[in-house]
$ cat target-v5.txt   # compact mmCIF, C-alpha atoms and all ligand atoms
# COMPACT_ATOMS: atom_id res chain seq x y z
CA MET P 1 134.53 13.68 -20.28
CA LYS P 2 136.31 14.94 -23.39
CA LYS P 3 135.10 18.22 -24.83
CA LYS P 4 133.52 18.30 -28.27
CA ILE P 5 134.77 20.90 -30.71
CA THR P 6 133.01 21.36 -34.03
CA LEU P 7 134.63 23.18 -36.92
CA ILE P 8 132.09 24.45 -39.45
CA GLY P 9 134.10 24.76 -42.65
CA ALA P 10 136.91 22.30 -43.29
CA GLY P 11 138.89 24.42 -45.72
CA GLN P 12 142.31 25.95 -45.17
CA ILE P 13 141.60 27.44 -41.75
CA GLY P 14 139.27 24.59 -40.68
CA GLY P 15 141.89 21.94 -41.44
CA THR P 16 144.62 23.86 -39.62
CA LEU P 17 142.32 24.36 -36.62
CA ALA P 18 141.65 20.63 -36.48
CA HIS P 19 145.36 19.85 -36.56
CA LEU P 20 146.25 22.35 -33.82
CA ILE P 21 143.35 21.25 -31.61
CA ALA P 22 144.40 17.62 -31.97
CA LEU P 23 148.05 18.39 -31.17
CA LYS P 24 146.93 20.31 -28.06
CA GLU P 25 144.36 17.60 -27.16
CA LEU P 26 141.71 20.24 -26.45
CA GLY P 27 138.91 17.80 -27.27
CA ASP P 28 137.35 15.53 -29.89
CA VAL P 29 137.01 17.26 -33.25
CA VAL P 30 134.09 17.17 -35.68
CA LEU P 31 134.93 18.69 -39.05
CA PHE P 32 131.74 19.81 -40.83
CA ASP P 33 131.65 20.97 -44.44
CA VAL P 34 129.10 21.07 -47.24
CA ALA P 35 131.86 19.28 -49.14
CA ALA P 36 131.68 16.15 -46.96
CA GLY P 37 134.69 14.52 -48.65
CA ILE P 38 137.02 17.34 -47.62
CA ALA P 39 135.82 17.09 -44.00
CA LYS P 40 136.17 13.30 -43.91
CA GLY P 41 139.49 13.28 -45.75
CA LYS P 42 141.12 15.87 -43.47
CA ALA P 43 139.76 14.20 -40.32
CA LEU P 44 141.20 10.86 -41.43
CA ASP P 45 144.54 12.35 -42.48
CA ILE P 46 145.03 14.13 -39.13
CA ALA P 47 143.84 11.05 -37.21
CA GLN P 48 146.48 9.01 -39.01
CA SER P 49 149.16 11.32 -37.59
CA SER P 50 148.15 10.44 -34.01
CA PRO P 51 150.51 7.44 -33.70
CA VAL P 52 153.40 9.72 -34.71
CA ASN P 53 152.40 12.74 -32.65
CA GLY P 54 150.94 10.80 -29.75
CA PHE P 55 147.67 12.63 -29.27
CA ASN P 56 144.50 10.96 -28.09
CA VAL P 57 141.45 12.66 -29.54
CA LYS P 58 138.81 11.48 -31.98
CA LEU P 59 138.46 13.22 -35.36
CA THR P 60 135.46 12.79 -37.64
CA GLY P 61 134.20 14.47 -40.80
CA THR P 62 130.57 15.09 -41.75
CA ASP P 63 128.05 17.18 -43.66
CA ASN P 64 125.26 16.39 -41.20
CA TYR P 65 124.50 18.82 -38.36
CA ASP P 66 123.23 15.93 -36.20
CA ASP P 67 126.85 14.78 -35.83
CA THR P 68 127.76 18.16 -34.31
CA LYS P 69 125.10 17.88 -31.59
CA ASN P 70 125.93 19.26 -28.12
CA SER P 71 129.30 20.72 -29.06
CA ASP P 72 131.12 22.66 -26.34
CA VAL P 73 132.85 24.92 -28.83
CA ILE P 74 132.05 25.72 -32.45
CA ILE P 75 134.50 27.54 -34.69
CA ILE P 76 133.08 28.82 -37.96
CA THR P 77 135.14 29.34 -41.09
CA ALA P 78 132.43 28.40 -43.59
CA GLY P 79 132.50 30.84 -46.44
CA VAL P 80 134.51 32.14 -49.30
CA PRO P 81 137.98 33.66 -48.83
CA ARG P 82 139.37 36.67 -50.68
CA LYS P 83 141.08 36.63 -54.06
CA PRO P 84 143.75 39.18 -54.98
CA GLY P 85 142.29 42.68 -55.33
CA MET P 86 139.25 41.94 -53.18
CA THR P 87 138.54 43.54 -49.82
CA ARG P 88 136.96 41.56 -46.99
CA ASP P 89 133.81 43.62 -47.51
CA ASP P 90 133.46 42.23 -51.06
CA LEU P 91 132.62 38.87 -49.45
CA LEU P 92 129.53 40.21 -47.68
CA GLY P 93 126.71 39.00 -49.96
CA ILE P 94 127.89 35.44 -50.39
CA ASN P 95 129.12 34.83 -46.83
CA LEU P 96 125.97 36.32 -45.32
CA LYS P 97 123.90 33.60 -47.02
CA ILE P 98 126.28 30.90 -45.81
CA ILE P 99 126.28 32.21 -42.23
CA LYS P 100 122.46 32.21 -42.14
CA GLU P 101 122.45 28.52 -42.98
CA VAL P 102 125.16 27.83 -40.38
CA ALA P 103 123.29 29.86 -37.71
CA HIS P 104 120.17 27.75 -38.17
CA GLY P 105 122.22 24.55 -38.07
CA ILE P 106 124.02 25.30 -34.81
CA LYS P 107 120.97 26.80 -33.09
CA LYS P 108 119.16 23.51 -33.52
CA THR P 109 122.00 21.23 -32.45
CA SER P 110 124.30 23.13 -30.04
CA PRO P 111 122.47 26.07 -28.46
CA LYS P 112 124.82 26.02 -25.43
CA ALA P 113 128.10 26.15 -27.37
CA PHE P 114 130.73 28.89 -27.21
CA VAL P 115 130.85 30.05 -30.82
CA ILE P 116 133.90 31.63 -32.42
CA CYS P 117 133.42 33.08 -35.89
CA ILE P 118 136.29 33.63 -38.33
CA THR P 119 134.35 34.13 -41.57
CA ASN P 120 134.78 37.58 -43.17
CA PRO P 121 133.82 40.39 -43.27
CA LEU P 122 134.30 39.52 -39.63
CA ASP P 123 132.49 42.03 -37.43
CA VAL P 124 129.36 42.15 -39.58
CA ILE P 125 129.25 38.38 -40.07
CA VAL P 126 129.49 37.80 -36.28
CA MET P 127 126.72 40.28 -35.66
CA ALA P 128 124.56 38.59 -38.31
CA LEU P 129 125.37 35.18 -36.82
CA GLN P 130 124.15 36.33 -33.40
CA LYS P 131 120.94 37.75 -34.85
CA TYR P 132 120.20 34.74 -37.05
CA SER P 133 120.90 32.20 -34.29
CA GLY P 134 119.54 34.12 -31.30
CA LEU P 135 122.32 32.59 -29.17
CA PRO P 136 123.44 34.69 -26.14
CA LYS P 137 125.69 37.59 -27.09
CA ASN P 138 128.38 36.62 -24.56
CA MET P 139 128.62 33.19 -26.23
CA ILE P 140 129.25 34.47 -29.75
CA VAL P 141 132.52 36.16 -30.54
CA GLY P 142 134.69 36.89 -33.56
CA MET P 143 138.37 36.18 -34.12
CA ALA P 144 140.31 39.13 -35.54
CA GLY P 145 142.07 41.18 -32.88
CA ILE P 146 144.44 38.42 -31.81
CA LEU P 147 145.49 37.93 -35.42
CA ASP P 148 145.91 41.63 -36.18
CA SER P 149 147.83 42.13 -32.90
CA SER P 150 150.00 39.11 -33.61
CA ARG P 151 150.89 40.50 -37.04
CA PHE P 152 151.74 43.90 -35.53
CA ILE P 153 153.86 42.38 -32.78
CA TYR P 154 155.66 40.12 -35.27
CA PHE P 155 156.54 43.04 -37.57
CA LEU P 156 157.74 45.10 -34.59
CA SER P 157 159.83 42.19 -33.30
CA GLN P 158 161.53 41.86 -36.68
CA GLU P 159 162.18 45.59 -36.90
CA LEU P 160 163.58 45.90 -33.38
CA ASN P 161 165.24 42.48 -33.31
CA ILE P 162 163.41 41.61 -30.10
CA HIS P 163 161.57 38.42 -29.21
CA PRO P 164 157.79 38.84 -29.69
CA LYS P 165 157.27 37.65 -26.10
CA ASN P 166 158.76 40.94 -24.90
CA ILE P 167 156.30 43.07 -26.85
CA ASN P 168 152.82 43.90 -25.59
CA SER P 169 150.31 45.48 -27.89
CA PHE P 170 146.89 45.07 -29.41
CA VAL P 171 144.88 46.13 -32.38
CA LEU P 172 141.23 47.06 -31.86
CA GLY P 173 138.20 48.17 -33.89
CA GLY P 174 136.85 46.52 -37.01
CA HIS P 175 138.81 43.82 -38.85
CA GLY P 176 139.40 45.93 -41.94
CA ASP P 177 141.37 48.89 -43.23
CA THR P 178 140.20 51.01 -40.30
CA MET P 179 141.59 48.72 -37.54
CA VAL P 180 143.46 50.66 -34.85
CA ALA P 181 146.89 49.69 -33.48
CA MET P 182 146.93 50.95 -29.90
CA LEU P 183 150.30 52.69 -29.84
CA GLY P 184 149.62 54.21 -26.42
CA SER P 185 149.44 50.68 -24.95
CA THR P 186 152.33 49.26 -26.98
CA GLU P 187 155.30 48.29 -24.82
CA VAL P 188 158.66 46.80 -25.72
CA ASN P 189 160.49 45.27 -22.76
CA GLY P 190 158.14 47.24 -20.51
CA LYS P 191 158.91 50.55 -22.21
CA LYS P 192 156.29 52.54 -24.14
CA ILE P 193 156.87 52.51 -27.90
CA ASN P 194 156.68 56.32 -27.93
CA GLU P 195 159.72 56.36 -25.61
CA LEU P 196 161.62 54.25 -28.15
CA VAL P 197 160.68 56.77 -30.83
CA LYS P 198 162.00 59.59 -28.61
CA GLU P 199 165.22 57.65 -28.03
CA GLY P 200 165.63 57.18 -31.79
CA LYS P 201 165.37 53.36 -31.63
CA ILE P 202 162.64 53.54 -34.26
CA THR P 203 161.44 56.51 -36.28
CA LYS P 204 157.83 57.66 -36.25
CA GLU P 205 157.74 57.11 -40.04
CA ARG P 206 158.94 53.51 -39.73
CA LEU P 207 156.40 52.86 -36.97
CA ASN P 208 153.64 54.24 -39.20
CA GLU P 209 154.80 51.96 -42.01
CA ILE P 210 154.54 48.97 -39.69
CA VAL P 211 151.05 50.00 -38.59
CA ASP P 212 150.09 50.31 -42.25
CA ARG P 213 151.59 46.90 -43.12
CA THR P 214 149.58 45.40 -40.25
CA LYS P 215 146.35 46.84 -41.62
CA LYS P 216 147.15 45.31 -45.00
CA GLY P 217 148.63 42.15 -43.48
CA GLY P 218 145.87 39.92 -44.81
CA ALA P 219 146.00 41.40 -48.32
CA GLU P 220 149.78 40.90 -48.48
CA ILE P 221 149.26 37.16 -48.00
CA VAL P 222 146.29 36.98 -50.40
CA LYS P 223 148.56 38.52 -53.05
CA TYR P 224 151.20 35.82 -52.54
CA LEU P 225 148.80 32.89 -52.32
CA GLU P 226 146.64 34.07 -55.24
CA LYS P 227 144.03 31.35 -54.56
CA GLY P 228 143.07 32.01 -50.95
CA SER P 229 143.86 33.90 -47.78
CA ALA P 230 145.92 33.40 -44.64
CA PHE P 231 145.23 30.33 -42.55
CA TYR P 232 148.05 29.39 -40.15
CA ALA P 233 147.96 32.58 -38.04
CA PRO P 234 144.14 32.86 -38.16
CA ALA P 235 143.80 29.26 -36.94
CA ALA P 236 146.35 29.75 -34.14
CA SER P 237 144.41 32.82 -32.99
CA GLY P 238 141.08 30.97 -32.98
CA VAL P 239 142.59 28.14 -30.93
CA GLU P 240 143.82 30.60 -28.29
CA MET P 241 140.24 31.81 -27.78
CA ALA P 242 138.82 28.27 -27.63
CA GLU P 243 141.48 27.21 -25.11
CA SER P 244 140.81 30.19 -22.83
CA TYR P 245 137.12 29.19 -22.77
CA LEU P 246 137.59 25.44 -22.35
CA LYS P 247 140.22 25.75 -19.60
CA ASN P 248 138.66 28.84 -17.97
CA LEU P 249 141.98 30.68 -18.38
CA LYS P 250 140.29 34.11 -18.26
CA LYS P 251 142.85 35.52 -20.68
CA GLN P 252 142.49 39.10 -21.82
CA LEU P 253 142.26 38.89 -25.60
CA PRO P 254 141.28 41.38 -28.31
CA CYS P 255 138.16 39.89 -29.96
CA ALA P 256 135.12 41.04 -31.89
CA ALA P 257 132.59 41.16 -29.05
CA TYR P 258 129.17 42.67 -28.54
CA ILE P 259 129.62 46.25 -27.29
CA ASN P 260 126.78 47.98 -25.51
CA GLY P 261 128.04 51.29 -24.20
CA GLU P 262 131.70 50.41 -23.68
CA PHE P 263 134.25 52.52 -25.58
CA GLY P 264 131.40 54.91 -26.42
CA ALA P 265 129.82 52.48 -28.93
CA LYS P 266 126.44 50.79 -28.73
CA ASP P 267 124.72 47.69 -30.09
CA ILE P 268 127.51 46.58 -32.37
CA TYR P 269 130.18 43.90 -32.68
CA ALA P 270 133.79 45.13 -33.01
CA GLY P 271 137.28 44.42 -31.69
CA VAL P 272 137.78 45.23 -28.00
CA PRO P 273 139.82 43.59 -25.22
CA VAL P 274 137.70 40.93 -23.48
CA ILE P 275 138.13 38.31 -20.78
CA ILE P 276 137.31 34.82 -22.05
CA GLY P 277 136.54 32.18 -19.43
CA SER P 278 134.07 29.37 -18.83
CA SER P 279 131.12 31.82 -19.05
CA GLY P 280 132.19 32.95 -22.52
CA VAL P 281 132.91 36.65 -22.89
CA GLU P 282 132.98 37.51 -19.19
CA LYS P 283 133.95 41.14 -19.42
CA ILE P 284 134.94 43.91 -21.79
CA VAL P 285 138.06 45.63 -20.52
CA GLU P 286 137.76 49.37 -20.99
CA LEU P 287 140.92 51.34 -21.70
CA ASN P 288 141.83 54.98 -21.61
CA LEU P 289 142.37 55.85 -25.24
CA SER P 290 144.33 58.87 -26.43
CA LYS P 291 142.43 61.49 -28.41
CA GLU P 292 143.81 60.13 -31.67
CA GLU P 293 143.06 56.51 -30.74
CA LYS P 294 139.51 57.50 -29.86
CA ILE P 295 138.96 59.23 -33.21
CA ASN P 296 140.37 56.25 -35.09
CA PHE P 297 138.33 53.77 -33.03
CA ASN P 298 135.10 55.72 -33.65
CA ASN P 299 135.93 55.86 -37.32
CA SER P 300 136.39 52.10 -37.36
CA ILE P 301 133.07 51.54 -35.58
CA LYS P 302 131.41 53.79 -38.15
CA SER P 303 132.66 51.67 -41.02
CA VAL P 304 131.45 48.47 -39.33
CA GLN P 305 128.04 50.13 -38.85
CA GLU P 306 127.93 51.16 -42.52
CA LEU P 307 128.71 47.63 -43.64
CA PHE P 308 126.05 46.26 -41.31
CA ASP P 309 123.57 48.71 -42.88
CA ALA P 310 124.55 47.24 -46.26
CA ALA P 311 123.94 43.75 -44.84
CA LYS P 312 120.46 44.82 -43.70
CA LYS P 313 119.70 45.92 -47.25
CA ILE P 314 120.75 42.50 -48.54
CA ASP P 315 118.64 40.71 -45.92
CA PRO P 316 115.91 42.79 -44.21
CA GLU P 317 115.57 39.99 -41.62
CA LEU P 318 118.68 41.51 -39.98
CA LYS P 319 116.85 44.57 -38.65
N1 LIG Q 1 128.43 25.19 -44.58
C1 LIG Q 1 129.60 24.62 -44.25
N2 LIG Q 1 130.74 24.83 -44.94
C2 LIG Q 1 130.69 25.63 -46.01
C3 LIG Q 1 129.49 26.26 -46.42
C4 LIG Q 1 128.32 26.01 -45.65
N3 LIG Q 1 127.16 26.56 -45.96
N4 LIG Q 1 129.76 26.99 -47.51
C5 LIG Q 1 131.08 26.85 -47.77
N5 LIG Q 1 131.64 26.02 -46.87
C6 LIG Q 1 133.02 25.55 -46.79
C7 LIG Q 1 133.69 25.33 -48.14
O1 LIG Q 1 133.27 24.09 -48.72
C8 LIG Q 1 135.17 25.35 -47.77
O2 LIG Q 1 135.68 24.05 -47.54
O3 LIG Q 1 133.85 26.51 -46.17
C9 LIG Q 1 135.21 26.17 -46.47
C10 LIG Q 1 136.02 27.43 -46.55
O4 LIG Q 1 137.34 27.06 -46.71
P1 LIG Q 1 138.39 27.86 -47.64
O5 LIG Q 1 137.73 28.18 -48.96
O6 LIG Q 1 139.66 27.12 -47.65
O7 LIG Q 1 138.54 29.26 -46.86
P2 LIG Q 1 139.47 29.60 -45.58
O8 LIG Q 1 140.79 30.08 -46.04
O9 LIG Q 1 139.41 28.48 -44.60
O10 LIG Q 1 138.69 30.87 -45.01
C11 LIG Q 1 137.36 30.79 -44.56
O11 LIG Q 1 137.59 32.65 -43.05
O12 LIG Q 1 139.26 34.25 -42.76
C12 LIG Q 1 138.04 33.95 -43.34
O13 LIG Q 1 138.05 35.37 -45.28
C13 LIG Q 1 138.08 34.02 -44.84
O14 LIG Q 1 135.73 34.06 -45.08
C14 LIG Q 1 136.87 33.24 -45.20
C15 LIG Q 1 136.83 32.15 -44.14

$ encode --input "target-v5.txt" --output "structure tokens" --more "lines below"
Ligand code: APR
Amino acid sequence: MKKKITLIGAGQIGGTLAHLIALKELGDVVLFDVAAGIAKGKALDIAQSSPVNGFNVKLTGTDNYDDTKNSDVIIITAGVPRKPGMTRDDLLGINLKIIKEVAHGIKKTSPKAFVICITNPLDVIVMALQKYSGLPKNMIVGMAGILDSSRFIYFLSQELNIHPKNINSFVLGGHGDTMVAMLGSTEVNGKKINELVKEGKITKERLNEIVDRTKKGGAEIVKYLEKGSAFYAPAASGVEMAESYLKNLKKQLPCAAYINGEFGAKDIYAGVPVIIGSSGVEKIVELNLSKEEKINFNNSIKSVQELFDAAKKIDPELK
């Protein structure tokens, strides 16, 4: 039987997700949005491309949670994106309210789904989503690390004139200014990036600039777009997570997952490498971090915790 994938939020990312999922034939797609017309219009538009692209999945649009019933996967992008000058954290108040409504909707209709959240501020919104919905922690996960890592790898590939496939790296911690590019685990053609610095292939300063550009990668796009934030790369990253779950690929992917002791953090959602398979988040992969990476990771966790404390002040139900 075909899988059922519901996309809550049919905006820029939601629409792109639907298109990618259809092209990959991962399952039937239900686009849900409070603006029903947008959901129905995009579903119909993408469906009308099926004769050209040759995919065989059903696409529907709705504003009724009953139509999302028994979804296998739910990807949430409901919420407001950033405008120039805003940080992701500025979205907290408004997106928290939206996520509460979404949590109640999916809890009622798809309590067994694997839920991927993309709405910002990511780590805190995922944590709130888990608390509001009460769904198992291994079945709720946030998309950020794949995107941040992909940006970092892309910038490095451009700098070194090397195909991104030959670069391994990941970015962990919170999805904000404190995210941590793991330089100790960054390899180009199997060689540690620090070796390339020693060999003079890239200077330490240039590498730091690339790390900094990665941290501000989202803001750079918001500045260009003026009316919204990135959507192609975020959607591609969300689809990779959904595919690993649906096909039990057990890929190791950096995601915002529930940490309970791993990496020295407790009872918090933040970006760590996880294995995603048919049981959801099957494992957190612990790494040996350098002293500097550890300090930066702890700092990132601290800022996620502070933002979650702010969320608790907005809604005491989040205790
Ligand atoms: N339920 C369902 N959909 C909602 C709700 C709700 N309660 N509230 C808002 N939406 C819908 C909007 O109608 C809109 O169509 O969410 C959609 C969001 O789409 P965009 O504004 O295009 O935003 P997008 O670029 O897709 O980003 C969505 O993901 O990366 C994050 O920061 C980004 O928080 C933002 C989210």

$ closest_residue --input "target-v5.txt" --among "P:Glu240, P:Ala22, P:Leu17, P:Gly9" --to "Thr62 (chain P)" --atoms "all atoms listed in the file"
P:Gly9

$ residues_around --input "target-v5.txt" --residues "Ser71 (chain P)" --least-positions-apart "6" --cutoff "8 Å" --atoms "all atoms listed in the file" --output "list in words"
Lys3, Lys4, Ile5, Thr6, Ser110, Lys112 and Ala113 of chain P

$ write_last_selection --input "target-v5.txt" --atoms "C-alpha atoms" --output "short mmCIF file (atom, residue, chain, number, x, y, z; two decimals), in the coordinates of the input"
data_model
loop_
_atom_site.label_atom_id
_atom_site.label_comp_id
_atom_site.auth_asym_id
_atom_site.auth_seq_id
_atom_site.Cartn_x
_atom_site.Cartn_y
_atom_site.Cartn_z
CA LYS P 3 135.10 18.22 -24.83
CA LYS P 4 133.52 18.30 -28.27
CA ILE P 5 134.77 20.90 -30.71
CA THR P 6 133.01 21.36 -34.03
CA SER P 110 124.30 23.13 -30.04
CA LYS P 112 124.82 26.02 -25.43
CA ALA P 113 128.10 26.15 -27.37
#

$ residues_near_point --input "target-v5.txt" --point "(147.6, 26.7, -36.4)" --cutoff "12 Å" --atoms "all atoms listed in the file" --output "JSON, numbers by chain"
{"P": [12, 13, 14, 15, 16, 17, 18, 19, 20, 21, 22, 23, 24, 147, 230, 231, 232, 233, 234, 235, 236, 237, 238, 239, 240]}

$ residues_near_ligand --input "target-v5.txt" --ligand "ligand LIG 1 (chain Q)" --cutoff "6 Å" --atoms "all atoms listed in the file" --output "list in words"
Ile8, Gly9, Ala10, Gly11, Gln12, Ile13, Gly14, Asp33, Val34, Ala35, Thr77, Ala78, Gly79, Val80, Pro81, Arg82, Ile98, Glu101, Val102, Ile118, Thr119, Asn120, Gly228, Ser229 and Phe231 of chain P

$ residues_around --input "target-v5.txt" --residues "Val180 (chain P)" --least-positions-apart "2" --cutoff "12 Å" --atoms "all atoms listed in the file" --output "PyMOL selection string"
chain P and resi 144-145+148-149+152+169-178+182-186+208+211-212+214-215+254+270-272+289-290+292-301

$ atom_distance --input "target-v5.txt" --atom1 "CA of Lys250 (chain P)" --atom2 "CA of Ile276 (chain P)"
4.9 Å

$ atom_distance --input "target-v5.txt" --atom1 "CA of Ile140 (chain P)" --atom2 "CA of Ile284 (chain P)"
13.6 Å

$ closest_residue --input "target-v5.txt" --among "P:Gly190, P:Ala128, P:Glu317, P:Asp67" --to "Asn95 (chain P)" --atoms "all atoms listed in the file"
P:Ala128

$ atom_distance --input "target-v5.txt" --atom1 "CA of Ile202 (chain P)" --atom2 "CA of Glu187 (chain P)"
13.1 Å

$ closest_residue --input "target-v5.txt" --among "P:Glu220, P:Asp123, P:Asp72, P:Glu282" --to "Asn138 (chain P)" --atoms "all atoms listed in the file"
P:Glu282

$ closest_residue --input "target-v5.txt" --among "P:Pro51, P:Val274, P:His104, P:Leu7" --to "Thr68 (chain P)" --atoms "only C-alpha atoms"
P:Leu7

$ residues_around --input "target-v5.txt" --residues "Met127 (chain P)" --least-positions-apart "6" --cutoff "9 Å" --atoms "only C-alpha atoms" --output "list of chain:residue names"
P:Ile140, P:Val141, P:Gly142, P:Ala257, P:Tyr258, P:Ile268, P:Tyr269, P:Ala270, P:Phe308

$ closest_residue --input "target-v5.txt" --among "P:Val124, P:Lys204, P:Arg213, P:Leu196" --to "Ile153 (chain P)" --atoms "all atoms listed in the file"
P:Arg213

$ closest_residue --input "target-v5.txt" --among "P:Lys251, P:Lys192, P:Arg88, P:Lys107" --to "Lys69 (chain P)" --atoms "all atoms listed in the file"
P:Lys107

$ build_atoms --input "target-v5.txt" --residues "region 204-212 of chain P" --atoms "all heavy atoms" --output "PDB file, in the coordinates of the input"
ATOM      1  N   LYS P 204     159.293  57.586 -36.191  1.00  0.00           N
ATOM      2  CA  LYS P 204     157.830  57.660 -36.250  1.00  0.00           C
ATOM      3  C   LYS P 204     157.353  57.154 -37.625  1.00  0.00           C
ATOM      4  O   LYS P 204     156.348  56.440 -37.734  1.00  0.00           O
ATOM      5  CB  LYS P 204     157.406  59.123 -36.025  1.00  0.00           C
ATOM      6  CG  LYS P 204     155.927  59.333 -35.888  1.00  0.00           C
ATOM      7  CD  LYS P 204     155.393  58.943 -34.511  1.00  0.00           C
ATOM      8  CE  LYS P 204     153.875  58.949 -34.537  1.00  0.00           C
ATOM      9  NZ  LYS P 204     153.226  57.937 -33.761  1.00  0.00           N
ATOM     10  N   GLU P 205     158.114  57.512 -38.670  1.00  0.00           N
ATOM     11  CA  GLU P 205     157.740  57.110 -40.040  1.00  0.00           C
ATOM     12  C   GLU P 205     157.750  55.591 -40.166  1.00  0.00           C
ATOM     13  O   GLU P 205     156.850  54.989 -40.721  1.00  0.00           O
ATOM     14  CB  GLU P 205     158.723  57.696 -41.091  1.00  0.00           C
ATOM     15  CG  GLU P 205     158.675  59.200 -41.258  1.00  0.00           C
ATOM     16  CD  GLU P 205     159.198  59.940 -40.027  1.00  0.00           C
ATOM     17  OE1 GLU P 205     160.240  59.513 -39.488  1.00  0.00           O
ATOM     18  OE2 GLU P 205     158.540  60.907 -39.588  1.00  0.00           O
ATOM     19  N   ARG P 206     158.821  54.974 -39.631  1.00  0.00           N
ATOM     20  CA  ARG P 206     158.940  53.510 -39.730  1.00  0.00           C
ATOM     21  C   ARG P 206     157.801  52.836 -38.952  1.00  0.00           C
ATOM     22  O   ARG P 206     157.219  51.860 -39.410  1.00  0.00           O
ATOM     23  CB  ARG P 206     160.315  53.090 -39.158  1.00  0.00           C
ATOM     24  CG  ARG P 206     160.644  51.652 -39.380  1.00  0.00           C
ATOM     25  CD  ARG P 206     160.929  51.327 -40.849  1.00  0.00           C
ATOM     26  NE  ARG P 206     160.946  49.892 -41.049  1.00  0.00           N
ATOM     27  CZ  ARG P 206     160.082  49.210 -41.779  1.00  0.00           C
ATOM     28  NH1 ARG P 206     159.120  49.822 -42.436  1.00  0.00           N
ATOM     29  NH2 ARG P 206     160.158  47.904 -41.879  1.00  0.00           N
ATOM     30  N   LEU P 207     157.484  53.402 -37.784  1.00  0.00           N
ATOM     31  CA  LEU P 207     156.400  52.860 -36.970  1.00  0.00           C
ATOM     32  C   LEU P 207     155.079  52.943 -37.740  1.00  0.00           C
ATOM     33  O   LEU P 207     154.296  51.982 -37.780  1.00  0.00           O
ATOM     34  CB  LEU P 207     156.311  53.630 -35.647  1.00  0.00           C
ATOM     35  CG  LEU P 207     155.310  53.129 -34.626  1.00  0.00           C
ATOM     36  CD1 LEU P 207     155.574  51.678 -34.246  1.00  0.00           C
ATOM     37  CD2 LEU P 207     155.361  53.998 -33.355  1.00  0.00           C
ATOM     38  N   ASN P 208     154.868  54.087 -38.404  1.00  0.00           N
ATOM     39  CA  ASN P 208     153.640  54.240 -39.200  1.00  0.00           C
ATOM     40  C   ASN P 208     153.589  53.227 -40.333  1.00  0.00           C
ATOM     41  O   ASN P 208     152.530  52.707 -40.671  1.00  0.00           O
ATOM     42  CB  ASN P 208     153.537  55.664 -39.762  1.00  0.00           C
ATOM     43  CG  ASN P 208     153.223  56.665 -38.659  1.00  0.00           C
ATOM     44  OD1 ASN P 208     152.743  56.283 -37.592  1.00  0.00           O
ATOM     45  ND2 ASN P 208     153.513  57.934 -38.902  1.00  0.00           N
ATOM     46  N   GLU P 209     154.757  52.958 -40.922  1.00  0.00           N
ATOM     47  CA  GLU P 209     154.800  51.960 -42.010  1.00  0.00           C
ATOM     48  C   GLU P 209     154.402  50.575 -41.494  1.00  0.00           C
ATOM     49  O   GLU P 209     153.716  49.813 -42.168  1.00  0.00           O
ATOM     50  CB  GLU P 209     156.221  51.884 -42.601  1.00  0.00           C
ATOM     51  CG  GLU P 209     156.516  52.968 -43.620  1.00  0.00           C
ATOM     52  CD  GLU P 209     158.001  53.032 -43.978  1.00  0.00           C
ATOM     53  OE1 GLU P 209     158.726  52.020 -43.769  1.00  0.00           O
ATOM     54  OE2 GLU P 209     158.430  54.099 -44.441  1.00  0.00           O
ATOM     55  N   ILE P 210     154.859  50.277 -40.279  1.00  0.00           N
ATOM     56  CA  ILE P 210     154.540  48.970 -39.690  1.00  0.00           C
ATOM     57  C   ILE P 210     153.045  48.877 -39.373  1.00  0.00           C
ATOM     58  O   ILE P 210     152.408  47.848 -39.602  1.00  0.00           O
ATOM     59  CB  ILE P 210     155.426  48.703 -38.445  1.00  0.00           C
ATOM     60  CG1 ILE P 210     156.875  48.487 -38.923  1.00  0.00           C
ATOM     61  CG2 ILE P 210     154.936  47.507 -37.648  1.00  0.00           C
ATOM     62  CD1 ILE P 210     157.883  48.354 -37.810  1.00  0.00           C
ATOM     63  N   VAL P 211     152.495  49.974 -38.858  1.00  0.00           N
ATOM     64  CA  VAL P 211     151.050  50.000 -38.590  1.00  0.00           C
ATOM     65  C   VAL P 211     150.288  49.774 -39.901  1.00  0.00           C
ATOM     66  O   VAL P 211     149.341  48.981 -39.967  1.00  0.00           O
ATOM     67  CB  VAL P 211     150.633  51.359 -37.960  1.00  0.00           C
ATOM     68  CG1 VAL P 211     149.118  51.513 -37.931  1.00  0.00           C
ATOM     69  CG2 VAL P 211     151.207  51.481 -36.556  1.00  0.00           C
ATOM     70  N   ASP P 212     150.754  50.429 -40.951  1.00  0.00           N
ATOM     71  CA  ASP P 212     150.090  50.310 -42.250  1.00  0.00           C
ATOM     72  C   ASP P 212     150.217  48.881 -42.803  1.00  0.00           C
ATOM     73  O   ASP P 212     149.265  48.317 -43.346  1.00  0.00           O
ATOM     74  CB  ASP P 212     150.723  51.313 -43.217  1.00  0.00           C
ATOM     75  CG  ASP P 212     149.847  51.501 -44.428  1.00  0.00           C
ATOM     76  OD1 ASP P 212     148.654  51.776 -44.231  1.00  0.00           O
ATOM     77  OD2 ASP P 212     150.349  51.350 -45.563  1.00  0.00           O
TER      78      ASP P 212
END
